$ cat final_17.txt   # compact mmCIF, C-alpha atoms and all ligand atoms
# COMPACT_ATOMS: atom_id res chain seq x y z
CA MET X 20 -0.83 -35.57 48.76
CA VAL X 21 -4.01 -34.80 46.83
CA THR X 22 -4.04 -31.33 45.32
CA ALA X 23 -7.39 -29.55 45.40
CA VAL X 24 -8.80 -28.97 41.93
CA GLU X 25 -10.06 -25.47 41.37
CA PRO X 26 -13.82 -25.63 40.67
CA ILE X 27 -14.95 -24.39 37.27
CA LYS X 28 -16.50 -20.95 37.67
CA LEU X 29 -19.68 -20.85 35.60
CA ILE X 30 -20.70 -17.36 34.50
CA PRO X 31 -24.43 -16.82 35.22
CA ALA X 32 -26.42 -16.37 31.98
CA SER X 33 -27.39 -12.81 32.97
CA GLN X 34 -23.71 -11.80 33.16
CA ARG X 35 -22.59 -13.55 29.98
CA ARG X 36 -21.25 -11.23 27.33
CA GLY X 37 -20.09 -12.52 24.00
CA ALA X 38 -20.34 -15.94 22.50
CA PHE X 39 -18.69 -19.00 24.00
CA ASP X 40 -16.72 -21.71 22.26
CA ALA X 41 -16.80 -25.40 23.11
CA TYR X 42 -13.86 -24.91 25.52
CA GLY X 43 -15.68 -22.24 27.53
CA ARG X 44 -13.69 -19.33 26.13
CA GLN X 45 -15.70 -16.15 25.79
CA MET X 46 -15.32 -14.24 22.51
CA ASN X 47 -16.00 -10.52 22.71
CA TYR X 48 -13.26 -8.97 20.57
CA LEU X 49 -13.56 -8.65 16.79
CA ARG X 50 -10.66 -7.65 14.57
CA ILE X 51 -11.78 -6.42 11.18
CA SER X 52 -9.61 -6.24 8.09
CA LEU X 53 -10.89 -3.25 6.12
CA THR X 54 -8.81 -4.09 3.07
CA ASP X 55 -6.23 -6.65 1.98
CA ARG X 56 -4.22 -3.90 0.28
CA CYS X 57 -1.33 -2.06 1.91
CA ASN X 58 0.96 0.85 1.07
CA PHE X 59 3.94 -1.04 2.59
CA ARG X 60 5.34 -4.50 1.83
CA CYS X 61 6.92 -5.44 5.15
CA VAL X 62 9.36 -8.32 4.83
CA TYR X 63 7.65 -10.39 7.57
CA CYS X 64 4.14 -9.77 6.24
CA MET X 65 4.13 -10.02 2.45
CA PRO X 66 6.36 -11.71 -0.12
CA ALA X 67 8.40 -9.35 -2.34
CA THR X 68 6.38 -10.32 -5.41
CA GLY X 69 3.33 -12.34 -6.28
CA MET X 70 0.71 -10.74 -4.00
CA ILE X 71 -2.72 -11.00 -5.54
CA PHE X 72 -5.29 -8.59 -4.14
CA GLN X 73 -8.98 -9.36 -4.14
CA PRO X 74 -11.27 -7.66 -6.64
CA ARG X 75 -13.29 -4.90 -4.99
CA ASP X 76 -16.65 -6.61 -5.56
CA GLU X 77 -15.42 -9.48 -3.39
CA LEU X 78 -14.87 -7.17 -0.43
CA LEU X 79 -17.64 -6.23 1.96
CA THR X 80 -19.32 -2.94 1.11
CA ASP X 81 -19.55 -0.33 3.87
CA ASP X 82 -23.22 -1.20 4.50
CA GLU X 83 -22.51 -4.94 4.62
CA LEU X 84 -19.64 -4.33 7.02
CA ILE X 85 -21.67 -2.17 9.39
CA ARG X 86 -24.52 -4.68 9.32
CA LEU X 87 -22.18 -7.52 10.25
CA VAL X 88 -20.53 -5.54 13.05
CA GLY X 89 -24.05 -4.86 14.37
CA ILE X 90 -24.66 -8.61 14.45
CA PHE X 91 -21.43 -9.15 16.41
CA ALA X 92 -22.45 -6.40 18.83
CA GLN X 93 -25.80 -8.14 19.22
CA VAL X 94 -24.02 -11.41 20.01
CA GLY X 95 -22.07 -9.56 22.72
CA PHE X 96 -18.83 -8.36 21.13
CA ARG X 97 -17.64 -5.21 22.89
CA LYS X 98 -14.20 -4.47 21.46
CA ILE X 99 -13.52 -3.80 17.79
CA ARG X 100 -10.14 -3.28 16.14
CA LEU X 101 -9.81 -2.04 12.56
CA THR X 102 -6.81 -3.42 10.73
CA GLY X 103 -5.79 -4.79 7.34
CA GLY X 104 -3.89 -4.58 5.01
CA GLU X 105 -3.67 -0.92 5.83
CA PRO X 106 -6.97 0.39 7.23
CA THR X 107 -6.20 4.04 6.46
CA ILE X 108 -6.37 3.38 2.72
CA ARG X 109 -9.97 2.13 2.94
CA PRO X 110 -12.31 4.68 1.34
CA HIS X 111 -14.83 6.25 3.79
CA LEU X 112 -12.79 5.19 6.83
CA ILE X 113 -14.01 8.12 8.95
CA ASP X 114 -17.67 7.27 8.19
CA ILE X 115 -17.05 3.60 8.97
CA VAL X 116 -15.56 4.57 12.35
CA ARG X 117 -18.52 6.83 13.11
CA GLU X 118 -21.09 4.17 12.22
CA ILE X 119 -19.37 1.40 14.20
CA LYS X 120 -19.02 3.60 17.29
CA LYS X 121 -22.76 4.31 17.17
CA LEU X 122 -23.69 0.63 17.41
CA PRO X 123 -25.22 -0.27 20.78
CA GLY X 124 -22.85 -2.35 22.87
CA ILE X 125 -19.55 -1.29 21.28
CA GLU X 126 -17.36 -0.10 24.14
CA GLU X 127 -13.95 0.23 22.53
CA LEU X 128 -12.92 0.94 18.95
CA SER X 129 -9.23 0.92 18.07
CA MET X 130 -7.08 0.60 14.97
CA THR X 131 -3.75 -0.93 14.00
CA THR X 132 -2.00 1.09 11.32
CA ASN X 133 1.42 1.65 9.82
CA GLY X 134 0.86 5.35 10.56
CA LEU X 135 1.92 6.60 7.13
CA LEU X 136 -1.32 8.56 6.50
CA LEU X 137 -2.21 9.20 10.12
CA SER X 138 -1.00 12.80 10.33
CA ARG X 139 -3.74 13.77 7.85
CA ILE X 140 -6.65 12.04 9.58
CA ALA X 141 -5.84 11.50 13.27
CA HIS X 142 -8.08 14.32 14.51
CA ASP X 143 -10.99 13.32 12.24
CA LEU X 144 -10.69 9.72 13.42
CA LYS X 145 -10.82 10.83 17.05
CA ALA X 146 -13.82 13.08 16.38
CA ALA X 147 -15.59 10.18 14.66
CA GLY X 148 -15.17 7.98 17.74
CA LEU X 149 -11.89 6.08 17.38
CA ASP X 150 -10.48 5.51 20.86
CA ARG X 151 -6.85 4.66 20.24
CA VAL X 152 -4.25 3.33 17.81
CA ASN X 153 -1.48 0.79 17.64
CA ILE X 154 1.22 1.94 15.24
CA SER X 155 3.61 -0.54 13.69
CA PHE X 156 7.28 0.15 13.11
CA ASP X 157 10.29 -2.02 13.59
CA THR X 158 13.24 0.33 13.43
CA LEU X 159 14.16 3.97 14.07
CA ASP X 160 16.68 3.98 11.23
CA PRO X 161 15.11 5.54 8.08
CA VAL X 162 17.30 3.50 5.72
CA LYS X 163 16.52 0.24 7.49
CA PHE X 164 12.88 1.28 7.63
CA LYS X 165 12.77 1.68 3.88
CA PHE X 166 14.31 -1.76 3.50
CA MET X 167 12.03 -3.56 5.98
CA THR X 168 8.85 -1.98 4.63
CA ARG X 169 10.10 -2.17 1.03
CA GLY X 170 9.77 1.55 0.36
CA GLY X 171 8.20 3.21 3.43
CA ARG X 172 9.12 6.62 4.90
CA PHE X 173 9.86 6.70 8.60
CA ASP X 174 9.61 10.51 8.91
CA LEU X 175 5.96 10.41 7.80
CA VAL X 176 5.17 7.56 10.18
CA TRP X 177 6.73 9.52 13.05
CA GLN X 178 4.56 12.53 12.11
CA GLY X 179 1.56 10.19 12.18
CA LEU X 180 2.55 9.02 15.65
CA GLU X 181 2.81 12.61 16.90
CA ALA X 182 -0.56 13.47 15.33
CA ALA X 183 -2.16 10.48 17.06
CA GLN X 184 -0.72 11.62 20.39
CA ASP X 185 -1.94 15.17 19.77
CA ALA X 186 -5.43 13.96 18.80
CA GLY X 187 -5.71 11.86 21.99
CA LEU X 188 -5.74 8.44 20.28
CA THR X 189 -4.11 7.15 23.43
CA PRO X 190 -2.61 5.21 25.10
CA ILE X 191 -0.47 4.60 22.02
CA LYS X 192 1.01 1.17 21.51
CA ILE X 193 3.83 0.50 19.06
CA ASN X 194 4.17 -2.93 17.45
CA SER X 195 7.60 -4.17 16.39
CA VAL X 196 8.28 -7.61 14.94
CA VAL X 197 11.80 -8.56 16.04
CA LEU X 198 13.82 -10.20 13.27
CA ARG X 199 17.31 -11.61 13.61
CA GLY X 200 19.78 -9.74 11.44
CA HIS X 201 17.28 -6.97 10.70
CA ASN X 202 16.31 -5.08 13.87
CA ASP X 203 17.29 -7.28 16.82
CA HIS X 204 20.23 -4.95 17.56
CA GLU X 205 17.75 -2.06 17.88
CA VAL X 206 15.35 -3.36 20.50
CA GLY X 207 17.09 -1.30 23.20
CA ASP X 208 16.65 1.94 21.26
CA LEU X 209 13.00 1.10 20.60
CA ALA X 210 12.42 0.29 24.28
CA ALA X 211 14.17 3.52 25.28
CA LEU X 212 11.26 5.42 23.66
CA THR X 213 9.22 4.47 26.72
CA ILE X 214 11.56 6.13 29.22
CA ASP X 215 10.03 9.60 28.72
CA ARG X 216 6.86 8.74 26.79
CA PRO X 217 3.70 7.03 28.05
CA TRP X 218 3.70 4.54 25.16
CA GLN X 219 3.63 0.78 25.26
CA MET X 220 6.40 -0.69 23.10
CA ARG X 221 5.31 -4.18 22.04
CA PHE X 222 7.82 -6.70 20.74
CA LEU X 223 6.23 -9.45 18.63
CA GLU X 224 7.55 -12.84 17.63
CA ILE X 225 7.21 -13.40 13.89
CA MET X 226 4.50 -15.91 12.92
CA PRO X 227 4.88 -18.27 9.94
CA MET X 228 2.11 -16.80 7.83
CA GLU X 229 1.56 -17.65 4.18
CA GLY X 230 4.25 -16.08 1.98
CA VAL X 231 6.82 -15.38 4.71
CA GLY X 232 7.87 -18.91 5.71
CA PRO X 233 11.57 -18.44 4.83
CA VAL X 234 11.75 -15.16 6.80
CA TYR X 235 10.23 -16.96 9.80
CA ASP X 236 12.70 -19.85 9.48
CA GLU X 237 15.71 -17.51 9.34
CA SER X 238 14.68 -14.70 11.65
CA LEU X 239 12.53 -15.74 14.62
CA VAL X 240 13.74 -14.08 17.82
CA THR X 241 11.92 -15.28 20.94
CA SER X 242 10.60 -12.85 23.54
CA GLU X 243 13.00 -14.37 26.05
CA GLU X 244 15.94 -13.35 23.85
CA THR X 245 14.52 -9.86 23.34
CA LYS X 246 13.94 -9.41 27.06
CA ALA X 247 17.52 -10.55 27.80
CA LEU X 248 18.84 -7.96 25.33
CA LEU X 249 16.81 -5.27 27.11
CA GLU X 250 17.93 -6.35 30.57
CA ASP X 251 21.57 -6.27 29.46
CA ARG X 252 21.06 -2.58 28.75
CA PHE X 253 18.50 -1.39 31.31
CA GLY X 254 18.87 -3.89 34.16
CA PRO X 255 15.96 -6.03 35.44
CA LEU X 256 12.57 -5.01 34.04
CA VAL X 257 9.66 -4.62 36.46
CA PRO X 258 6.49 -6.71 35.84
CA ILE X 259 3.17 -4.93 35.30
CA SER X 260 -0.21 -6.63 35.35
CA ALA X 261 -1.78 -6.64 31.88
CA ASN X 262 -5.48 -6.35 31.01
CA PRO X 263 -7.27 -9.71 30.85
CA GLY X 264 -7.38 -10.92 27.25
CA ASP X 265 -4.31 -8.89 26.26
CA PRO X 266 -1.78 -11.31 24.76
CA ALA X 267 1.12 -9.09 25.85
CA VAL X 268 3.12 -9.85 28.96
CA VAL X 269 3.93 -6.37 30.21
CA TRP X 270 7.03 -5.01 31.95
CA LYS X 271 8.65 -1.65 32.34
CA ILE X 272 12.06 -0.10 32.67
CA PRO X 273 12.19 1.06 36.32
CA GLY X 274 11.10 4.69 36.58
CA SER X 275 9.99 4.97 32.95
CA ALA X 276 6.80 6.67 31.74
CA GLY X 277 5.76 3.85 29.42
CA GLU X 278 5.68 0.07 29.28
CA ILE X 279 7.16 -2.81 27.33
CA GLY X 280 4.98 -5.68 26.11
CA PHE X 281 6.12 -9.05 24.80
CA ILE X 282 3.79 -10.97 22.49
CA SER X 283 4.95 -14.55 22.16
CA PRO X 284 2.63 -16.62 19.96
CA ILE X 285 5.44 -19.06 19.16
CA SER X 286 7.41 -19.51 22.40
CA ALA X 287 4.49 -19.04 24.84
CA PRO X 288 1.14 -19.38 23.02
CA PHE X 289 -1.80 -17.65 24.71
CA CYS X 290 -4.57 -19.69 23.03
CA SER X 291 -6.19 -20.61 26.38
CA THR X 292 -7.12 -16.96 26.98
CA CYS X 293 -8.01 -16.14 23.38
CA ASN X 294 -11.10 -13.89 23.23
CA ARG X 295 -11.00 -12.85 19.59
CA VAL X 296 -12.08 -13.76 16.09
CA ARG X 297 -11.34 -11.99 12.83
CA LEU X 298 -13.49 -10.73 9.98
CA ALA X 299 -11.50 -10.60 6.74
CA ALA X 300 -12.16 -7.88 4.17
CA ASP X 301 -14.03 -10.39 1.99
CA GLY X 302 -16.44 -11.23 4.82
CA LYS X 303 -14.89 -14.52 5.92
CA LEU X 304 -15.06 -15.09 9.65
CA ARG X 305 -11.64 -16.41 10.66
CA LEU X 306 -11.82 -18.39 13.86
CA CYS X 307 -8.08 -18.69 14.62
CA LEU X 308 -5.32 -16.56 13.10
CA LEU X 309 -3.07 -19.55 12.46
CA ARG X 310 -5.68 -22.05 11.28
CA ASN X 311 -7.29 -22.02 7.88
CA ASP X 312 -10.85 -22.43 9.20
CA GLU X 313 -13.27 -19.75 7.97
CA LEU X 314 -17.01 -19.16 7.56
CA ASP X 315 -18.34 -17.19 4.62
CA MET X 316 -20.57 -14.47 6.04
CA ARG X 317 -20.58 -12.38 2.86
CA ASP X 318 -22.12 -15.02 0.62
CA MET X 319 -24.73 -15.88 3.20
CA MET X 320 -25.63 -12.22 3.57
CA ARG X 321 -25.74 -11.71 -0.20
CA ALA X 322 -28.00 -14.76 -0.48
CA GLY X 323 -30.52 -12.94 1.69
CA ALA X 324 -29.84 -14.28 5.21
CA SER X 325 -31.75 -12.55 8.00
CA ASP X 326 -30.02 -11.00 11.02
CA ALA X 327 -31.15 -13.98 13.10
CA GLU X 328 -29.58 -16.42 10.62
CA LEU X 329 -26.32 -14.45 10.59
CA GLU X 330 -26.31 -14.39 14.37
CA ARG X 331 -26.73 -18.17 14.43
CA LEU X 332 -23.85 -18.50 11.96
CA VAL X 333 -21.59 -16.41 14.23
CA ARG X 334 -22.53 -18.33 17.37
CA GLY X 335 -22.14 -21.70 15.61
CA GLY X 336 -18.74 -20.72 14.20
CA ILE X 337 -17.48 -19.53 17.53
CA TRP X 338 -18.64 -22.74 19.19
CA ARG X 339 -16.30 -24.72 16.93
CA LYS X 340 -13.34 -22.32 17.20
CA PRO X 341 -10.14 -24.40 17.19
CA TRP X 342 -8.40 -24.70 20.54
CA GLY X 343 -5.13 -23.28 19.32
CA HIS X 344 -2.49 -23.20 16.67
CA GLY X 345 -0.24 -26.11 15.78
CA VAL X 346 3.02 -24.35 14.95
CA ALA X 347 4.98 -26.45 17.45
CA ASP X 348 3.80 -29.58 15.58
CA GLY X 349 4.73 -28.13 12.20
CA ASP X 350 1.08 -27.46 11.37
CA VAL X 351 1.26 -24.07 9.68
CA ASP X 352 -1.45 -24.21 7.04
CA THR X 353 -2.59 -20.60 7.41
CA GLY X 354 -3.86 -20.43 3.82
CA ARG X 355 -3.61 -16.65 3.70
CA GLY X 356 -1.08 -14.02 4.64
CA MET X 357 -1.40 -11.67 7.60
CA SER X 358 -2.40 -8.72 5.41
CA GLN X 359 -5.26 -10.75 3.95
CA ILE X 360 -6.60 -11.98 7.28
CA GLY X 361 -6.12 -8.82 9.30
CA GLY X 362 -3.26 -8.82 11.78
N1 LIG T 401 -0.95 -2.23 8.10
C1 LIG T 401 -1.23 -2.15 9.49
C2 LIG T 401 0.03 -2.14 10.29
O1 LIG T 401 1.11 -2.16 9.70
O2 LIG T 401 -0.04 -2.07 11.51
C3 LIG T 401 -2.18 -3.22 10.00
C4 LIG T 401 -2.02 -4.59 9.47
S1 LIG T 401 -0.57 -5.45 9.99
C5 LIG T 401 -0.83 -7.01 9.24
C6 LIG T 401 -0.92 -5.70 11.71
C7 LIG T 401 0.21 -6.17 12.56
O3 LIG T 401 0.59 -7.45 12.15
C8 LIG T 401 1.43 -5.30 12.49
O4 LIG T 401 1.75 -4.82 13.77
C9 LIG T 401 2.50 -6.21 11.99
O5 LIG T 401 3.72 -5.95 12.58
C10 LIG T 401 1.97 -7.57 12.37
N2 LIG T 401 2.48 -8.66 11.54
C11 LIG T 401 2.43 -8.76 10.20
N3 LIG T 401 2.98 -9.92 9.78
C12 LIG T 401 3.36 -10.57 10.90
C13 LIG T 401 3.98 -11.83 11.13
N4 LIG T 401 4.33 -12.66 10.13
N5 LIG T 401 4.22 -12.19 12.41
C14 LIG T 401 3.89 -11.37 13.44
N6 LIG T 401 3.29 -10.18 13.28
C15 LIG T 401 3.04 -9.78 12.02
$ encode --input "final_17.txt" --output "structure tokens"
Amino acid sequence: MVTAVEPIKLIPASQRRGAFDAYGRQMNYLRISLTDRCNFRCVYCMPATGMIFQPRDELLTDDELIRLVGIFAQVGFRKIRLTGGEPTIRPHLIDIVREIKKLPGIEELSMTTNGLLLSRIAHDLKAAGLDRVNISFDTLDPVKFKFMTRGGRFDLVWQGLEAAQDAGLTPIKINSVVLRGHNDHEVGDLAALTIDRPWQMRFLEIMPMEGVGPVYDESLVTSEETKALLEDRFGPLVPISANPGDPAVVWKIPGSAGEIGFISPISAPFCSTCNRVRLAADGKLRLCLLRNDELDMRDMMRAGASDAELERLVRGGIWRKPWGHGVADGDVDTGRGMSQIGG
């Protein structure tokens, strides 16, 4: 029997938003690393020693950053996420948020943070135009937390989470990287947070970024394993339809207020629906998180490139975005760590 092939749906030029790569994927989501520095040293993100941070004059200035985001908005990017390193330690963060939110075309501005400093600035961030936050923590046990972050304080992060809720930086999503022998026994307690709270608990598979290869080799827990652990405790989870472009596959505990997302870059890559590129703190445009293929926007800008030339650079880069990562083939030349690229 001949199976009908679904015709390719071409998007009319008038409805096209964002730039397209050679595979027809539409890019409209920019993740920006505001700094490569961080006030934690999470075991899956940075090596214990040997991190070298970039000199400040190599990082984009605030004006350069806002100019570049304006170019992306011009190209058709609609969603921006601020990340790092730790974005809350970037000087002038509130002003940066305000300026980005003013740019024509930007529809959603969010931030991924470890939450440590959030209780001080959540309301100012909201007033400046930040829509919502993802907060990262991997355990509810303060001792374990200190160990996994190499020195962090869970009580302050929890205060940051409450401040974000109070300020309306919602819906709140919580990111947890599940590591065998570290926090895999805690996924049930983390998921239980969603029973009474309208949060999305997101369980991530560890990726083999630069500097954390041995942790990846020893500790990867697949989403399937995590989900089985949750179903042992809560019974079958109920599927929820996720937003298009969201890498999470979303479920919920029956009757709960919140949701549970699984992000599975290793066991179930979502490269075919990728809609994002990353701008590192030093102005390199990173086309794929797990491929060491970058364009230097900072040097071109500092050499006097016009907006039109920068726009062409963005469109050209996106056109040659790699199809996907090669982890399954042992191709893990990421070149930089997650904190340097912007997770
Ligand atoms: N400092 C902020 C934070 O902690 O959320 C933002 C930067 S951090 C690099 C962004 C996200 O990347 C966090 O949710 C973290 O859990 C995740 N991450 C870091 N290293 C990772 C790795 N090797 N594999 C998977 N996720 C990772």
$ residues_around --input "final_17.txt" --residues "segment 159-167 of chain X" --least-positions-apart "6" --cutoff "10 Å" --atoms "all atoms listed in the file" --output "list in words"
Phe59, Arg60, Cys61, Val62, Tyr63, Phe173, Asp174, Trp177, His201, Asn202, Glu205, Val206, Asp208 and Leu209 of chain X
$ write_last_selection --input "final_17.txt" --atoms "C-alpha atoms" --output "tab-separated table (two decimals), in the coordinates of the input"
chain	number	residue	atom	x	y	z
X	59	PHE	CA	3.94	-1.04	2.59
X	60	ARG	CA	5.34	-4.50	1.83
X	61	CYS	CA	6.92	-5.44	5.15
X	62	VAL	CA	9.36	-8.32	4.83
X	63	TYR	CA	7.65	-10.39	7.57
X	173	PHE	CA	9.86	6.70	8.60
X	174	ASP	CA	9.61	10.51	8.91
X	177	TRP	CA	6.73	9.52	13.05
X	201	HIS	CA	17.28	-6.97	10.70
X	202	ASN	CA	16.31	-5.08	13.87
X	205	GLU	CA	17.75	-2.06	17.88
X	206	VAL	CA	15.35	-3.36	20.50
X	208	ASP	CA	16.65	1.94	21.26
X	209	LEU	CA	13.00	1.10	20.60
$ residues_near_point --input "final_17.txt" --point "(-21.5, -3.5, 4.1)" --cutoff "12 Å" --atoms "all atoms listed in the file" --output "list in words"
Leu53, Asp76, Glu77, Leu78, Leu79, Thr80, Asp81, Asp82, Glu83, Leu84, Ile85, Arg86, Leu87, Val88, Gly89, Ile90, His111, Ile115, Glu118, Ile119, Ala300, Asp301, Gly302, Met316, Arg317, Met320 and Arg321 of chain X
$ residues_near_ligand --input "final_17.txt" --ligand "ligand LIG 401 (chain T)" --cutoff "8 Å" --atoms "only C-alpha atoms and all ligand atoms" --output "PDB file with C-alpha atoms, keeping the file's coordinate frame"
ATOM      1  CA  SER X  52      -9.610  -6.240   8.090  1.00  0.00           C
ATOM      2  CA  CYS X  57      -1.330  -2.060   1.910  1.00  0.00           C
ATOM      3  CA  ASN X  58       0.960   0.850   1.070  1.00  0.00           C
ATOM      4  CA  PHE X  59       3.940  -1.040   2.590  1.00  0.00           C
ATOM      5  CA  CYS X  61       6.920  -5.440   5.150  1.00  0.00           C
ATOM      6  CA  TYR X  63       7.650 -10.390   7.570  1.00  0.00           C
ATOM      7  CA  CYS X  64       4.140  -9.770   6.240  1.00  0.00           C
ATOM      8  CA  MET X  65       4.130 -10.020   2.450  1.00  0.00           C
ATOM      9  CA  THR X 102      -6.810  -3.420  10.730  1.00  0.00           C
ATOM     10  CA  GLY X 103      -5.790  -4.790   7.340  1.00  0.00           C
ATOM     11  CA  GLY X 104      -3.890  -4.580   5.010  1.00  0.00           C
ATOM     12  CA  GLU X 105      -3.670  -0.920   5.830  1.00  0.00           C
ATOM     13  CA  PRO X 106      -6.970   0.390   7.230  1.00  0.00           C
ATOM     14  CA  MET X 130      -7.080   0.600  14.970  1.00  0.00           C
ATOM     15  CA  THR X 131      -3.750  -0.930  14.000  1.00  0.00           C
ATOM     16  CA  THR X 132      -2.000   1.090  11.320  1.00  0.00           C
ATOM     17  CA  ASN X 133       1.420   1.650   9.820  1.00  0.00           C
ATOM     18  CA  GLY X 134       0.860   5.350  10.560  1.00  0.00           C
ATOM     19  CA  ASN X 153      -1.480   0.790  17.640  1.00  0.00           C
ATOM     20  CA  ILE X 154       1.220   1.940  15.240  1.00  0.00           C
ATOM     21  CA  SER X 155       3.610  -0.540  13.690  1.00  0.00           C
ATOM     22  CA  PHE X 156       7.280   0.150  13.110  1.00  0.00           C
ATOM     23  CA  ASP X 157      10.290  -2.020  13.590  1.00  0.00           C
ATOM     24  CA  ILE X 193       3.830   0.500  19.060  1.00  0.00           C
ATOM     25  CA  ASN X 194       4.170  -2.930  17.450  1.00  0.00           C
ATOM     26  CA  SER X 195       7.600  -4.170  16.390  1.00  0.00           C
ATOM     27  CA  VAL X 196       8.280  -7.610  14.940  1.00  0.00           C
ATOM     28  CA  LEU X 223       6.230  -9.450  18.630  1.00  0.00           C
ATOM     29  CA  GLU X 224       7.550 -12.840  17.630  1.00  0.00           C
ATOM     30  CA  ILE X 225       7.210 -13.400  13.890  1.00  0.00           C
ATOM     31  CA  MET X 226       4.500 -15.910  12.920  1.00  0.00           C
ATOM     32  CA  PRO X 227       4.880 -18.270   9.940  1.00  0.00           C
ATOM     33  CA  MET X 228       2.110 -16.800   7.830  1.00  0.00           C
ATOM     34  CA  VAL X 231       6.820 -15.380   4.710  1.00  0.00           C
ATOM     35  CA  TYR X 235      10.230 -16.960   9.800  1.00  0.00           C
ATOM     36  CA  GLY X 356      -1.080 -14.020   4.640  1.00  0.00           C
ATOM     37  CA  MET X 357      -1.400 -11.670   7.600  1.00  0.00           C
ATOM     38  CA  SER X 358      -2.400  -8.720   5.410  1.00  0.00           C
ATOM     39  CA  GLN X 359      -5.260 -10.750   3.950  1.00  0.00           C
ATOM     40  CA  ILE X 360      -6.600 -11.980   7.280  1.00  0.00           C
ATOM     41  CA  GLY X 361      -6.120  -8.820   9.300  1.00  0.00           C
ATOM     42  CA  GLY X 362      -3.260  -8.820  11.780  1.00  0.00           C
TER      43      GLY X 362
END
$ closest_residue --input "final_17.txt" --among "X:Pro266, X:Gly343, X:Pro273, X:Gly43" --to "Arg221 of chain X" --atoms "only C-alpha atoms"
X:Pro266
$ residues_near_point --input "final_17.txt" --point "(-3.8, -18.5, 25.0)" --cutoff "12 Å" --atoms "all atoms listed in the file" --output "PyMOL selection string"
chain X and resi 42+44+263-268+282-295+307+341-344
$ residues_around --input "final_17.txt" --residues "Ala147 of chain X" --least-positions-apart "5" --cutoff "9 Å" --atoms "all atoms listed in the file" --output "number ranges by chain"
X: 113-118, 120, 142
$ atom_distance --input "final_17.txt" --atom1 "atom CA of Asp55 of chain X" --atom2 "atom CA of Ala299 of chain X"
8.1 Å
$ axis_aligned_box --input "final_17.txt" --around "segment 270-283 of chain X" --padding-each-side "3 Å" --output "AutoDock Vina command-line options"
--center_x 8.0 --center_y -3.9 --center_z 29.4 --size_x 14.4 --size_y 27.2 --size_z 20.4
$ closest_residue --input "final_17.txt" --among "X:Glu237, X:Asp150, X:Asp251, X:Asp312" --to "Glu127 of chain X" --atoms "only C-alpha atoms"
X:Asp150
$ atom_distance --input "final_17.txt" --atom1 "atom CA of Glu181 of chain X" --atom2 "atom CA of Ser138 of chain X"
7.6 Å
$ closest_residue --input "final_17.txt" --among "X:Pro66, X:Pro123, X:Pro233, X:Gly345" --to "Leu309 of chain X" --atoms "all atoms listed in the file"
X:Gly345
$ atom_distance --input "final_17.txt" --atom1 "atom CA of Leu248 of chain X" --atom2 "atom CA of Ser260 of chain X"
21.6 Å
$ closest_residue --input "final_17.txt" --among "X:Arg56, X:Leu136, X:Lys98, X:Ala141" --to "Leu175 of chain X" --atoms "all atoms listed in the file"
X:Leu136
$ residues_around --input "final_17.txt" --residues "Gln93 of chain X" --least-positions-apart "6" --cutoff "12 Å" --atoms "all atoms listed in the file" --output "tab-separated table (two decimals) with C-alpha atoms, in the frame of the given file"
chain	number	residue	atom	x	y	z
X	36	ARG	CA	-21.25	-11.23	27.33
X	37	GLY	CA	-20.09	-12.52	24.00
X	38	ALA	CA	-20.34	-15.94	22.50
X	47	ASN	CA	-16.00	-10.52	22.71
X	86	ARG	CA	-24.52	-4.68	9.32
X	87	LEU	CA	-22.18	-7.52	10.25
X	122	LEU	CA	-23.69	0.63	17.41
X	123	PRO	CA	-25.22	-0.27	20.78
X	124	GLY	CA	-22.85	-2.35	22.87
X	125	ILE	CA	-19.55	-1.29	21.28
X	326	ASP	CA	-30.02	-11.00	11.02
X	327	ALA	CA	-31.15	-13.98	13.10
X	329	LEU	CA	-26.32	-14.45	10.59
X	330	GLU	CA	-26.31	-14.39	14.37
X	331	ARG	CA	-26.73	-18.17	14.43
X	333	VAL	CA	-21.59	-16.41	14.23
X	334	ARG	CA	-22.53	-18.33	17.37
